[in-house]
$ cat entry_3.cif   # mmCIF, C-alpha atoms and all ligand atoms
data_upload
#
loop_
_atom_site.label_atom_id
_atom_site.label_comp_id
_atom_site.auth_asym_id
_atom_site.auth_seq_id
_atom_site.Cartn_x
_atom_site.Cartn_y
_atom_site.Cartn_z
CA MET A 706 27.08 18.24 1.18
CA GLY A 707 23.35 17.72 0.96
CA THR A 708 20.54 17.06 3.41
CA PRO A 709 21.04 14.47 6.18
CA TRP A 710 19.30 11.25 5.15
CA ASP A 711 16.70 11.15 7.95
CA GLN A 712 15.79 14.80 7.32
CA ALA A 713 15.43 14.14 3.59
CA TYR A 714 13.02 11.29 4.34
CA VAL A 715 10.93 13.54 6.63
CA ILE A 716 10.96 16.43 4.13
CA ALA A 717 9.61 14.11 1.43
CA ARG A 718 6.99 12.74 3.83
CA ASP A 719 5.86 16.23 4.85
CA ALA A 720 6.13 17.89 1.44
CA ALA A 721 2.45 17.60 0.59
CA ASP A 722 -1.04 17.20 1.97
CA PRO A 723 -3.06 14.11 1.10
CA LEU A 724 -5.03 14.55 -2.12
CA PRO A 725 -8.73 15.34 -1.62
CA GLY A 726 -11.28 12.63 -0.99
CA ARG A 727 -13.98 11.52 -3.42
CA THR A 728 -16.64 8.86 -3.51
CA VAL A 729 -15.84 5.67 -5.43
CA PRO A 730 -17.49 2.25 -5.80
CA VAL A 731 -16.13 0.11 -2.98
CA GLU A 732 -14.81 -2.55 -5.37
CA GLU A 733 -12.57 0.07 -7.05
CA ALA A 734 -11.07 1.37 -3.81
CA LEU A 735 -8.60 -1.45 -3.04
CA GLY A 736 -5.29 0.00 -1.85
CA GLN A 737 -6.71 3.52 -1.41
CA VAL A 738 -6.95 5.29 1.95
CA LEU A 739 -10.28 6.16 3.57
CA ALA A 740 -10.76 9.95 3.72
CA GLY A 741 -13.93 9.42 5.76
CA PRO A 742 -15.26 6.48 7.79
CA VAL A 743 -17.19 3.61 6.24
CA ARG A 744 -20.57 3.62 7.99
CA CYS A 745 -22.98 0.77 8.44
CA VAL A 746 -25.88 1.29 6.02
CA ARG A 747 -27.69 -1.91 6.91
CA PRO A 748 -27.37 -3.57 10.34
CA VAL A 749 -25.15 -6.64 10.61
CA PRO A 750 -26.79 -9.09 10.54
CA ALA A 751 -29.59 -7.40 8.64
CA PHE A 752 -32.34 -9.73 9.95
CA ASP A 753 -32.86 -12.21 12.80
CA ASN A 754 -31.43 -15.50 11.57
CA ALA A 755 -30.54 -18.98 12.74
CA ALA A 756 -27.03 -19.58 14.05
CA MET A 757 -27.41 -23.38 13.81
CA ASP A 758 -29.05 -25.95 11.57
CA GLY A 759 -31.99 -27.44 13.52
CA TYR A 760 -35.45 -26.38 14.62
CA ALA A 761 -36.75 -22.91 15.44
CA VAL A 762 -39.24 -23.32 18.27
CA ALA A 763 -41.89 -21.27 20.08
CA GLY A 764 -43.11 -22.01 23.61
CA ASP A 765 -42.46 -25.27 25.43
CA GLY A 766 -41.87 -28.68 23.80
CA PRO A 767 -42.46 -31.09 22.42
CA TRP A 768 -42.88 -29.06 19.23
CA THR A 769 -44.86 -29.94 16.10
CA VAL A 770 -42.90 -29.36 12.90
CA ARG A 771 -44.89 -26.94 10.67
CA GLY A 772 -42.50 -26.54 7.76
CA ARG A 773 -38.96 -25.80 6.67
CA VAL A 774 -37.06 -22.52 6.16
CA LEU A 775 -33.89 -22.46 4.12
CA ALA A 776 -31.38 -19.56 3.81
CA GLY A 777 -32.47 -17.09 1.15
CA HIS A 778 -36.17 -17.91 1.63
CA ALA A 779 -38.96 -16.26 3.64
CA ALA A 780 -39.54 -17.24 7.28
CA GLY A 781 -42.84 -18.97 6.31
CA VAL A 782 -45.71 -19.79 8.62
CA PRO A 783 -46.22 -17.92 11.92
CA LEU A 784 -45.52 -20.12 14.93
CA SER A 785 -47.82 -20.70 17.87
CA PRO A 786 -46.52 -22.01 21.21
CA GLY A 787 -45.57 -25.68 20.69
CA ASP A 788 -44.73 -25.15 16.99
CA ALA A 789 -41.38 -25.62 15.26
CA VAL A 790 -39.94 -25.13 11.78
CA GLU A 791 -36.92 -26.95 10.50
CA ILE A 792 -34.37 -24.21 9.81
CA ALA A 793 -30.97 -23.75 8.15
CA THR A 794 -28.09 -21.61 9.45
CA GLY A 795 -28.54 -18.10 8.05
CA ALA A 796 -32.25 -18.52 7.32
CA PRO A 797 -34.64 -15.89 8.77
CA VAL A 798 -36.23 -17.07 11.99
CA PRO A 799 -40.00 -16.61 12.37
CA ASP A 800 -40.82 -13.63 14.64
CA GLU A 801 -42.36 -15.90 17.27
CA ALA A 802 -39.36 -18.26 17.53
CA GLU A 803 -37.58 -18.11 20.89
CA ALA A 804 -34.70 -20.44 20.13
CA VAL A 805 -33.11 -22.66 17.52
CA LEU A 806 -32.39 -26.18 18.75
CA PRO A 807 -29.46 -27.79 16.91
CA TYR A 808 -30.22 -31.14 15.25
CA GLU A 809 -27.68 -32.82 17.55
CA GLU A 810 -29.79 -31.94 20.59
CA CYS A 811 -33.13 -33.11 19.13
CA THR A 812 -34.94 -36.36 18.58
CA VAL A 813 -37.81 -36.30 16.14
CA THR A 814 -40.62 -38.80 16.37
CA ALA A 815 -43.83 -38.68 14.34
CA GLY A 816 -43.34 -35.04 13.32
CA ALA A 817 -42.64 -33.86 16.88
CA VAL A 818 -39.33 -32.49 18.14
CA HIS A 819 -38.14 -33.47 21.60
CA ALA A 820 -35.25 -31.66 23.23
CA ALA A 821 -34.15 -30.01 26.44
CA ARG A 822 -33.87 -26.24 25.87
CA GLY A 823 -30.28 -25.15 26.54
CA GLN A 824 -29.10 -21.74 27.73
CA ARG A 825 -28.32 -20.41 24.28
CA ALA A 826 -31.02 -19.32 21.84
CA HIS A 827 -28.79 -19.78 18.76
CA ILE A 828 -30.50 -16.80 17.11
CA ARG A 829 -28.38 -13.98 15.66
CA ARG A 830 -30.47 -10.84 16.16
CA ALA A 831 -30.47 -7.98 13.60
CA GLY A 832 -27.76 -5.48 14.50
CA ASP A 833 -26.10 -7.82 17.02
CA ALA A 834 -22.70 -7.30 15.37
CA LEU A 835 -23.15 -3.72 14.14
CA ALA A 836 -26.03 -1.22 14.28
CA ALA A 837 -27.01 0.94 11.28
CA GLY A 838 -24.98 4.17 11.30
CA ALA A 839 -22.09 2.69 13.31
CA VAL A 840 -18.54 3.17 12.03
CA VAL A 841 -17.42 0.00 10.24
CA VAL A 842 -13.89 1.22 9.46
CA PRO A 843 -12.51 4.62 10.53
CA ALA A 844 -10.93 7.21 8.23
CA GLY A 845 -7.22 6.78 7.61
CA ARG A 846 -7.29 3.02 7.07
CA VAL A 847 -6.09 1.46 3.85
CA VAL A 848 -8.85 -0.29 1.93
CA THR A 849 -7.76 -3.91 2.06
CA ALA A 850 -9.72 -6.88 0.78
CA THR A 851 -11.05 -7.35 4.32
CA VAL A 852 -12.18 -3.70 4.47
CA VAL A 853 -14.02 -4.17 1.15
CA ALA A 854 -15.69 -7.30 2.52
CA ALA A 855 -16.70 -5.56 5.78
CA ALA A 856 -18.04 -2.55 3.87
CA VAL A 857 -20.24 -4.58 1.53
CA GLN A 858 -21.39 -6.72 4.46
CA ALA A 859 -22.59 -3.48 6.10
CA GLY A 860 -24.41 -2.46 2.92
CA ALA A 861 -21.94 0.24 1.79
CA GLN A 862 -21.84 0.49 -2.01
CA THR A 863 -19.35 3.37 -2.09
CA VAL A 864 -16.49 4.65 0.06
CA PHE A 865 -14.85 8.08 0.42
CA THR A 866 -11.14 7.76 -0.34
CA HIS A 867 -8.18 10.00 -1.08
CA ARG A 868 -7.47 10.13 -4.79
CA PRO A 869 -4.27 8.12 -5.42
CA PRO A 870 -1.46 10.33 -6.73
CA THR A 871 -0.38 9.69 -10.30
CA VAL A 872 3.28 8.94 -10.91
CA SER A 873 5.10 9.00 -14.23
CA LEU A 874 8.68 7.87 -14.87
CA LEU A 875 11.02 9.47 -17.38
CA VAL A 876 13.98 7.15 -18.00
CA THR A 877 16.82 9.22 -19.44
CA GLY A 878 19.98 8.03 -21.16
CA ASP A 879 21.18 7.46 -24.73
CA GLU A 880 22.71 4.20 -23.54
CA VAL A 881 19.51 2.85 -21.97
CA ILE A 882 17.33 0.34 -23.82
CA THR A 883 13.96 -0.84 -22.59
CA ARG A 884 13.83 -4.31 -24.14
CA GLY A 885 16.15 -6.97 -25.47
CA VAL A 886 19.82 -7.61 -24.77
CA PRO A 887 22.07 -4.52 -24.55
CA GLY A 888 24.62 -4.01 -27.32
CA PRO A 889 28.07 -2.45 -26.80
CA GLY A 890 27.89 0.54 -24.43
CA GLN A 891 24.22 -0.03 -23.71
CA VAL A 892 22.40 -0.95 -20.48
CA ARG A 893 18.96 -2.35 -19.96
CA ASP A 894 16.56 -0.12 -17.98
CA SER A 895 16.48 -1.24 -14.34
CA PHE A 896 14.18 1.49 -13.01
CA THR A 897 10.71 0.87 -14.35
CA GLU A 898 9.80 -2.18 -12.26
CA PRO A 899 11.09 -0.89 -8.89
CA VAL A 900 9.60 2.58 -9.37
CA ALA A 901 6.24 1.11 -10.38
CA ALA A 902 6.31 -1.25 -7.39
CA VAL A 903 7.30 1.45 -4.87
CA THR A 904 4.54 3.71 -6.24
CA THR A 905 1.88 1.03 -5.95
CA ARG A 906 3.02 -0.03 -2.50
CA ALA A 907 2.80 3.59 -1.31
CA GLY A 908 -0.75 3.89 -2.63
CA GLY A 909 0.01 5.77 -5.85
CA CYS A 910 -1.09 5.09 -9.39
CA PHE A 911 1.86 4.33 -11.70
CA GLN A 912 0.89 5.76 -15.08
CA ASP A 913 3.75 5.12 -17.45
CA SER A 914 7.46 4.83 -18.08
CA ARG A 915 8.90 6.77 -21.02
CA HIS A 916 12.42 6.45 -22.31
CA LEU A 917 14.13 9.68 -23.43
CA PRO A 918 17.52 10.29 -25.04
CA ASP A 919 19.95 12.70 -23.35
CA ASP A 920 18.41 15.67 -25.13
CA PRO A 921 17.47 18.74 -23.07
CA ASP A 922 14.61 19.73 -25.38
CA ARG A 923 13.03 16.28 -25.19
CA LEU A 924 13.35 16.23 -21.40
CA ALA A 925 11.94 19.78 -21.15
CA ALA A 926 8.97 18.82 -23.36
CA ALA A 927 8.34 15.64 -21.36
CA LEU A 928 8.41 17.56 -18.07
CA ALA A 929 6.11 20.25 -19.43
CA GLY A 930 3.72 17.73 -20.98
CA SER A 931 3.38 15.36 -18.03
CA ARG A 932 0.13 15.67 -16.10
CA ALA A 933 1.29 13.32 -13.33
CA GLU A 934 1.37 14.72 -9.81
CA VAL A 935 4.81 13.16 -9.30
CA ILE A 936 7.31 12.96 -12.15
CA VAL A 937 10.25 10.66 -11.49
CA VAL A 938 13.38 11.19 -13.57
CA SER A 939 16.04 8.50 -13.61
CA GLY A 940 19.57 9.52 -14.60
CA SER A 941 20.55 13.08 -15.47
CA SER A 942 20.93 13.78 -11.74
CA SER A 943 24.64 14.57 -11.78
CA LYS A 944 26.96 17.13 -13.29
CA GLY A 945 27.92 15.50 -16.60
CA ALA A 946 27.61 17.07 -20.04
CA ALA A 947 24.50 14.95 -20.67
CA ASP A 948 22.86 15.67 -17.29
CA HIS A 949 20.28 18.37 -18.03
CA LEU A 950 17.73 18.03 -15.25
CA HIS A 951 19.09 20.64 -12.84
CA THR A 952 19.46 23.28 -15.57
CA LEU A 953 15.93 22.61 -16.80
CA LEU A 954 14.41 22.75 -13.32
CA ALA A 955 16.19 26.07 -12.68
CA ALA A 956 14.74 27.43 -15.96
CA GLU A 957 11.27 26.26 -14.86
CA LYS A 958 11.72 28.05 -11.52
CA ALA A 959 11.32 24.81 -9.59
CA THR A 960 12.06 24.87 -5.87
CA TRP A 961 14.39 22.22 -4.49
CA LEU A 962 13.15 20.70 -1.24
CA VAL A 963 16.04 18.24 -1.17
CA GLN A 964 19.09 18.67 -3.40
CA GLY A 965 21.57 15.94 -2.63
CA VAL A 966 21.40 13.63 0.38
CA ARG A 967 24.21 12.69 2.75
CA CYS A 968 24.11 8.99 1.96
CA ARG A 969 26.09 6.39 0.02
CA PRO A 970 25.04 5.42 -2.47
CA GLY A 971 22.43 7.75 -3.84
CA HIS A 972 23.81 11.15 -2.85
CA PRO A 973 22.83 12.99 -6.09
CA GLN A 974 19.10 12.36 -5.51
CA GLY A 975 16.67 15.25 -5.13
CA LEU A 976 13.10 16.40 -4.71
CA ALA A 977 11.81 19.57 -6.34
CA VAL A 978 8.41 21.17 -6.74
CA LEU A 979 7.38 22.98 -9.92
CA PRO A 980 5.48 26.29 -9.69
CA ASP A 981 2.23 24.48 -10.59
CA GLY A 982 2.65 22.07 -7.64
CA ARG A 983 3.86 18.97 -9.51
CA PHE A 984 6.73 17.20 -7.79
CA VAL A 985 9.90 16.01 -9.50
CA VAL A 986 11.88 13.19 -7.87
CA SER A 987 15.38 12.84 -9.28
CA LEU A 988 16.89 9.35 -9.05
CA PRO A 989 20.61 8.84 -9.69
CA GLY A 990 21.21 6.66 -12.75
CA ASN A 991 23.20 3.92 -11.02
CA PRO A 992 20.47 1.32 -10.42
CA TYR A 993 21.15 0.48 -6.75
CA ALA A 994 21.63 4.18 -5.97
CA GLY A 995 18.33 4.88 -7.76
CA LEU A 996 16.55 2.21 -5.72
CA VAL A 997 17.90 3.79 -2.51
CA ALA A 998 16.61 7.17 -3.69
CA ALA A 999 13.18 5.77 -4.58
CA LEU A 1000 12.86 4.46 -1.01
CA THR A 1001 14.22 7.68 0.49
CA LEU A 1002 12.19 10.32 -1.38
CA LEU A 1003 9.58 8.77 -3.69
CA GLU A 1004 7.93 6.36 -1.28
CA PRO A 1005 7.28 8.78 1.63
CA LEU A 1006 6.09 11.51 -0.78
CA VAL A 1007 3.63 9.24 -2.60
CA ALA A 1008 2.44 7.68 0.66
CA THR A 1009 1.58 11.09 2.13
CA LEU A 1010 -0.20 12.22 -1.06
CA ALA A 1011 -2.17 8.98 -0.92
CA GLY A 1012 -3.24 9.75 2.67
CA ARG A 1013 -1.01 7.30 4.50
CA PRO A 1014 2.11 9.14 5.69
CA PRO A 1015 4.59 6.54 6.92
CA GLY A 1016 5.26 6.14 10.64
CA PRO A 1017 8.73 5.56 12.06
CA LEU A 1018 10.77 2.98 10.18
CA PRO A 1019 11.20 -0.40 11.86
CA THR A 1020 14.65 -1.05 13.29
CA ALA A 1021 16.63 -4.25 13.82
CA ALA A 1022 20.09 -5.32 14.90
CA VAL A 1023 22.49 -5.41 11.93
CA THR A 1024 25.66 -7.46 11.96
CA GLY A 1025 28.67 -7.59 9.68
CA ARG A 1026 31.19 -5.14 8.31
CA THR A 1027 31.00 -2.31 5.84
CA ARG A 1028 32.63 1.02 5.07
CA LEU A 1029 30.62 3.75 6.80
CA MET A 1030 30.09 7.25 5.39
CA PRO A 1031 31.58 9.93 7.64
CA GLY A 1032 28.92 12.61 8.24
CA GLY A 1033 26.21 10.55 6.56
CA VAL A 1034 24.64 7.11 6.24
CA ARG A 1035 25.63 3.98 4.33
CA ILE A 1036 22.65 2.05 2.97
CA VAL A 1037 23.30 -1.67 2.62
CA PRO A 1038 21.27 -4.77 1.74
CA VAL A 1039 20.77 -7.09 4.74
CA THR A 1040 19.71 -10.73 4.82
CA GLY A 1041 18.60 -12.11 8.17
CA GLY A 1042 20.02 -8.95 9.80
CA ARG A 1043 23.47 -9.54 8.26
CA ILE A 1044 25.07 -7.21 5.73
CA ALA A 1045 24.81 -9.05 2.43
CA GLY A 1046 28.14 -7.88 0.98
CA PRO A 1047 30.21 -4.90 -0.08
CA GLY A 1048 27.67 -3.83 -2.70
CA GLY A 1049 28.31 -0.70 -4.74
CA SER A 1050 26.04 1.77 -6.43
CA ALA A 1051 25.24 -0.08 -9.64
CA GLY A 1052 24.65 -3.79 -8.97
CA LEU A 1053 21.23 -4.94 -7.81
CA HIS A 1054 22.15 -8.57 -7.16
CA LEU A 1055 22.57 -8.19 -3.37
CA ALA A 1056 19.37 -6.19 -3.01
CA ALA A 1057 17.62 -8.88 -5.04
CA ILE A 1058 18.32 -11.51 -2.40
CA ALA A 1059 18.11 -9.24 0.64
CA ASP A 1060 15.24 -8.90 3.12
CA ALA A 1061 15.64 -5.14 3.46
CA LEU A 1062 18.05 -2.22 3.19
CA ALA A 1063 19.62 -1.06 6.47
CA VAL A 1064 20.40 2.61 7.00
CA LEU A 1065 23.70 2.72 8.92
CA PRO A 1066 24.79 6.01 10.52
CA ASP A 1067 28.52 6.74 10.86
CA THR A 1068 28.23 5.82 14.57
CA TRP A 1069 26.99 2.30 13.78
CA THR A 1070 28.94 -0.63 15.21
CA ASP A 1071 28.62 -4.34 14.44
CA GLY A 1072 25.38 -5.62 16.04
CA ALA A 1073 23.80 -2.19 16.69
CA ALA A 1074 20.22 -1.53 15.59
CA ALA A 1075 19.50 0.42 12.41
CA PRO A 1076 16.37 1.54 10.52
CA LEU A 1077 15.22 -0.80 7.76
CA LEU A 1078 13.72 0.03 4.37
CA ALA A 1079 11.53 -2.66 2.83
CA LEU A 1080 12.52 -3.69 -0.67
CA PRO A 1081 9.94 -3.55 -3.45
N1 LIG B 1 31.64 14.72 -11.31
C1 LIG B 1 30.76 13.91 -10.68
N2 LIG B 1 30.35 12.82 -11.31
C2 LIG B 1 29.51 11.98 -10.71
C3 LIG B 1 29.06 12.24 -9.40
C4 LIG B 1 29.50 13.42 -8.76
O1 LIG B 1 29.14 13.71 -7.62
N3 LIG B 1 30.34 14.22 -9.45
N4 LIG B 1 28.23 11.36 -8.80
C5 LIG B 1 28.26 10.00 -9.28
C6 LIG B 1 27.16 9.25 -8.74
S1 LIG B 1 27.30 8.83 -7.10
C7 LIG B 1 26.11 8.85 -9.47
S2 LIG B 1 24.90 7.84 -8.78
C8 LIG B 1 25.95 9.20 -10.86
C9 LIG B 1 24.57 9.75 -11.14
O2 LIG B 1 24.52 10.06 -12.48
P1 LIG B 1 23.22 10.41 -13.28
O3 LIG B 1 22.03 10.39 -12.42
O4 LIG B 1 23.48 11.65 -14.01
O5 LIG B 1 23.06 9.17 -14.23
P2 LIG B 1 23.83 8.84 -15.55
O6 LIG B 1 25.11 9.55 -15.57
O7 LIG B 1 22.89 8.98 -16.66
O8 LIG B 1 24.07 7.29 -15.32
C10 LIG B 1 24.87 6.78 -14.29
C11 LIG B 1 25.02 5.27 -14.52
O9 LIG B 1 23.75 4.65 -14.43
C12 LIG B 1 23.41 3.93 -15.60
N5 LIG B 1 21.98 4.09 -15.85
C13 LIG B 1 21.33 5.22 -16.10
N6 LIG B 1 20.02 5.00 -16.27
C14 LIG B 1 19.84 3.68 -16.16
C15 LIG B 1 18.72 2.83 -16.24
N7 LIG B 1 17.48 3.31 -16.52
N8 LIG B 1 18.88 1.51 -16.05
C16 LIG B 1 20.10 0.99 -15.79
N9 LIG B 1 21.22 1.75 -15.68
C17 LIG B 1 21.10 3.08 -15.87
C18 LIG B 1 24.24 4.61 -16.67
O10 LIG B 1 24.43 3.81 -17.78
C19 LIG B 1 25.51 4.93 -15.90
O11 LIG B 1 26.34 3.80 -15.83
O12 LIG B 1 26.89 10.17 -11.24
C20 LIG B 1 28.23 9.90 -10.79
N10 LIG B 1 29.07 10.86 -11.38
O1 LIG B 2 25.13 8.08 -5.40
MO1 LIG B 2 25.98 7.14 -6.61
O2 LIG B 2 24.61 6.77 -6.31
O3 LIG B 2 26.88 6.37 -5.27
O4 LIG B 2 26.43 5.76 -7.58
#

$ encode --input "entry_3.cif" --output "structure tokens"
Amino acid sequence: MGTPWDQAYVIARDAADPLPGRTVPVEEALGQVLAGPVRCVRPVPAFDNAAMDGYAVAGDGPWTVRGRVLAGHAAGVPLSPGDAVEIATGAPVPDEAEAVLPYEECTVTAGAVHAARGQRAHIRRAGDALAAGAVVVPAGRVVTATVVAAAVQAGAQTVFTHRPPTVSLLVTGDEVITRGVPGPGQVRDSFTEPVAAVTTRAGGCFQDSRHLPDDPDRLAAALAGSRAEVIVVSGSSSKGAADHLHTLLAAEKATWLVQGVRCRPGHPQGLAVLPDGRFVVSLPGNPYAGLVAALTLLEPLVATLAGRPPGPLPTAAVTGRTRLMPGGVRIVPVTGGRIAGPGGSAGLHLAAIADALAVLPDTWTDGAAAPLLALP
């Protein structure tokens, strides 16, 4: 029963278009995806400058030293043939200078520089690295710290990025507490941190985590009131007397894109879209199963909305033994390519020390390659 795991992943990835682009200050764009290229506003470098500390010279030597130019200061006196200025790396070279002679190649006696001119001029000309108008970083790239640095170097104050999708988590369960040590029959919420981390990693904006009792009216009000583009609901995914999500989504005329996935654990997970376009990702309450579901449905959905649909998953050889799921996949924590243990659907301890989760089809044999999901 349910959608094959690899299809479910692709359905979530293809469920939406990236959110529209808008212009934001470059410093605020970290982690967002470029919806248009960053263009060079100001050539790089912006002015002719010295590539070495030494003397900028005009004509043939020996050269008479006429002054000194430091970085951040004007180029100073015009040079005639036979003139030099002492110059610092990054300082603007006088227009007439033909070369910068590094200190190491010069001897200075009585205010005159003596050196043999080498092949290299040691002058970085304006636009040598990048001309004004050139593409600094193409559309589709994630704005990393290096992208920010390259953009500001090229004079860009703003960038055009996809708006990051907003994600809100509704943690359901009378037995769930969000702080402190659980009392009898209680469990401590294990969803907020992984869901927030998966959202951020995929390029989304995690807004909040709200705890709700197993009350259909409270869940209905929270679903109706949420303005997030993606609402994640933990628990309430199954068929128990306190599991209200499916009934509520039917009443709201939501459309299921994925309703159950052929995997263990995590089979009761789902992805639905409300008539107004908001997505609902349903995570099974068992914490390891919920983590599997967050990586199966939430991450590809958020990544696509953010403008960075995931490519094929990496694969690696997986060794060890486990019980496979006939007609579906078994998803197990692996450490150094080895299955970390028998696992289960609740405990997170093996995932906590694993490198990744491996997705094992029912045809998998010890040592065969399998797709890997990165852990948050
Ligand atoms: N008749 C059936 N019963 C169940 C089925 C089924 O197919 N038929 N599937 C089982 C599987 S598999 C799973 S997984 C769970 C999913 O149940 P729910 O999503 O409705 O979740 P709950 O029943 O509320 O809780 C299950 C389990 O997880 C604990 N939990 C819940 N939320 C949290 C949280 N935020 N942090 C930590 N732990 C949490 C909860 O206390 C329960 O122990 O259904 C099976 N049943
Ligand atoms: O899908 Mo359940 O997730 O096996 O505990």

$ residues_around --input "entry_3.cif" --residues "Thr1027 (chain A)" --least-positions-apart "2" --cutoff "9 Å" --atoms "only C-alpha atoms" --output "list in words"
Gly1025, Leu1029, Arg1035, Val1037, Ile1044, Gly1046 and Pro1047 of chain A

$ write_last_selection --input "entry_3.cif" --atoms "C-alpha atoms" --output "CSV table (one decimal), keeping the file's coordinate frame"
chain,number,residue,atom,x,y,z
A,1025,GLY,CA,28.7,-7.6,9.7
A,1029,LEU,CA,30.6,3.8,6.8
A,1035,ARG,CA,25.6,4.0,4.3
A,1037,VAL,CA,23.3,-1.7,2.6
A,1044,ILE,CA,25.1,-7.2,5.7
A,1046,GLY,CA,28.1,-7.9,1.0
A,1047,PRO,CA,30.2,-4.9,-0.1

$ atom_distance --input "entry_3.cif" --atom1 "CA of Val818 (chain A)" --atom2 "CA of Asp753 (chain A)"
21.9 Å

$ axis_aligned_box --input "entry_3.cif" --around "ligand LIG 1 (chain B)" --padding-each-side "3 Å" --output "lines of an AutoDock Vina configuration file"
center_x = 24.6
center_y = 7.9
center_z = -12.4
size_x = 20.2
size_y = 19.7
size_z = 16.7

$ closest_atom_pairs --input "entry_3.cif" --of "chain A" --to "ligand LIG 2 (chain B)" --cutoff "7 Å" --atoms "only C-alpha atoms and all ligand atoms" --output "Markdown table"
| residue | atom | partner | partner_atom | distance |
| --- | --- | --- | --- | --- |
| A:Arg969 | CA | B:LIG2 | O3 | 5.3 |
| A:Pro970 | CA | B:LIG2 | O3 | 3.5 |
| A:Gly971 | CA | B:LIG2 | O1 | 3.1 |
| A:His972 | CA | B:LIG2 | O1 | 4.2 |
| A:Pro973 | CA | B:LIG2 | O1 | 5.5 |
| A:Pro989 | CA | B:LIG2 | O2 | 5.6 |
| A:Asn991 | CA | B:LIG2 | O4 | 5.1 |
| A:Ala994 | CA | B:LIG2 | O2 | 4.0 |
| A:Gly995 | CA | B:LIG2 | O2 | 6.7 |
| A:Ser1050 | CA | B:LIG2 | O4 | 4.2 |
| A:Ala1051 | CA | B:LIG2 | O4 | 6.3 |

$ closest_atom_pairs --input "entry_3.cif" --of "chain A" --to "ligand LIG 1 (chain B)" --cutoff "8 Å" --atoms "all atoms listed in the file" --output "tab-separated table"
residue	atom	partner	partner_atom	distance
A:Val876	CA	B:LIG1	N7	5.4
A:Thr877	CA	B:LIG1	N6	6.2
A:Gly878	CA	B:LIG1	O7	5.4
A:Glu880	CA	B:LIG1	O10	6.0
A:Val881	CA	B:LIG1	C15	5.8
A:Ile882	CA	B:LIG1	N7	7.9
A:Gln891	CA	B:LIG1	O10	7.1
A:Val892	CA	B:LIG1	C16	5.6
A:Arg893	CA	B:LIG1	C16	5.5
A:Asp894	CA	B:LIG1	N8	3.4
A:Ser895	CA	B:LIG1	N8	4.0
A:Phe896	CA	B:LIG1	N7	5.2
A:Thr897	CA	B:LIG1	N7	7.5
A:Ser939	CA	B:LIG1	N6	5.9
A:Gly940	CA	B:LIG1	O3	3.4
A:Ser941	CA	B:LIG1	O4	3.6
A:Ser942	CA	B:LIG1	O3	3.6
A:Ser943	CA	B:LIG1	O4	3.9
A:Lys944	CA	B:LIG1	C1	5.6
A:Gly945	CA	B:LIG1	N2	6.4
A:Ala947	CA	B:LIG1	O7	7.4
A:Asp948	CA	B:LIG1	O4	5.2
A:Arg969	CA	B:LIG1	S1	7.6
A:Pro970	CA	B:LIG1	S1	6.2
A:Gly971	CA	B:LIG1	S2	5.5
A:His972	CA	B:LIG1	S1	6.0
A:Pro973	CA	B:LIG1	S2	6.2
A:Gln974	CA	B:LIG1	O3	7.8
A:Ser987	CA	B:LIG1	O3	7.8
A:Leu988	CA	B:LIG1	O3	6.2
A:Pro989	CA	B:LIG1	O3	3.4
A:Gly990	CA	B:LIG1	O5	3.5
A:Asn991	CA	B:LIG1	O9	3.5
A:Pro992	CA	B:LIG1	N9	5.3
A:Ala994	CA	B:LIG1	S2	5.7
A:Gly995	CA	B:LIG1	S2	7.3
A:Ser1050	CA	B:LIG1	S2	6.6
A:Ala1051	CA	B:LIG1	O9	6.9

$ residues_near_point --input "entry_3.cif" --point "(-5.8, 11.1, -0.8)" --cutoff "8 Å" --atoms "all atoms listed in the file" --output "compact mmCIF listing (two decimals) with C-alpha atoms, keeping the file's coordinate frame"
# COMPACT_ATOMS: atom_id res chain seq x y z
CA PRO A 723 -3.06 14.11 1.10
CA LEU A 724 -5.03 14.55 -2.12
CA PRO A 725 -8.73 15.34 -1.62
CA GLY A 726 -11.28 12.63 -0.99
CA GLN A 737 -6.71 3.52 -1.41
CA VAL A 738 -6.95 5.29 1.95
CA LEU A 739 -10.28 6.16 3.57
CA ALA A 740 -10.76 9.95 3.72
CA THR A 866 -11.14 7.76 -0.34
CA HIS A 867 -8.18 10.00 -1.08
CA ARG A 868 -7.47 10.13 -4.79
CA PRO A 869 -4.27 8.12 -5.42
CA PRO A 870 -1.46 10.33 -6.73
CA THR A 1009 1.58 11.09 2.13
CA LEU A 1010 -0.20 12.22 -1.06
CA ALA A 1011 -2.17 8.98 -0.92
CA GLY A 1012 -3.24 9.75 2.67

$ closest_residue --input "entry_3.cif" --among "A:Leu875, A:Val731, A:Val805, A:Ala780" --to "Tyr760 (chain A)" --atoms "all atoms listed in the file"
A:Val805

$ atom_distance --input "entry_3.cif" --atom1 "CA of Val857 (chain A)" --atom2 "CA of Ala1008 (chain A)"
25.8 Å

$ closest_residue --input "entry_3.cif" --among "A:Leu874, A:Ala901, A:Thr1020, A:Ala855" --to "Val986 (chain A)" --atoms "all atoms listed in the file"
A:Leu874

$ closest_residue --input "entry_3.cif" --among "A:Leu976, A:Leu1003, A:Ala826, A:Ala861" --to "Gly759 (chain A)" --atoms "all atoms listed in the file"
A:Ala826

$ atom_distance --input "entry_3.cif" --atom1 "CA of Pro980 (chain A)" --atom2 "CA of Glu934 (chain A)"
12.3 Å
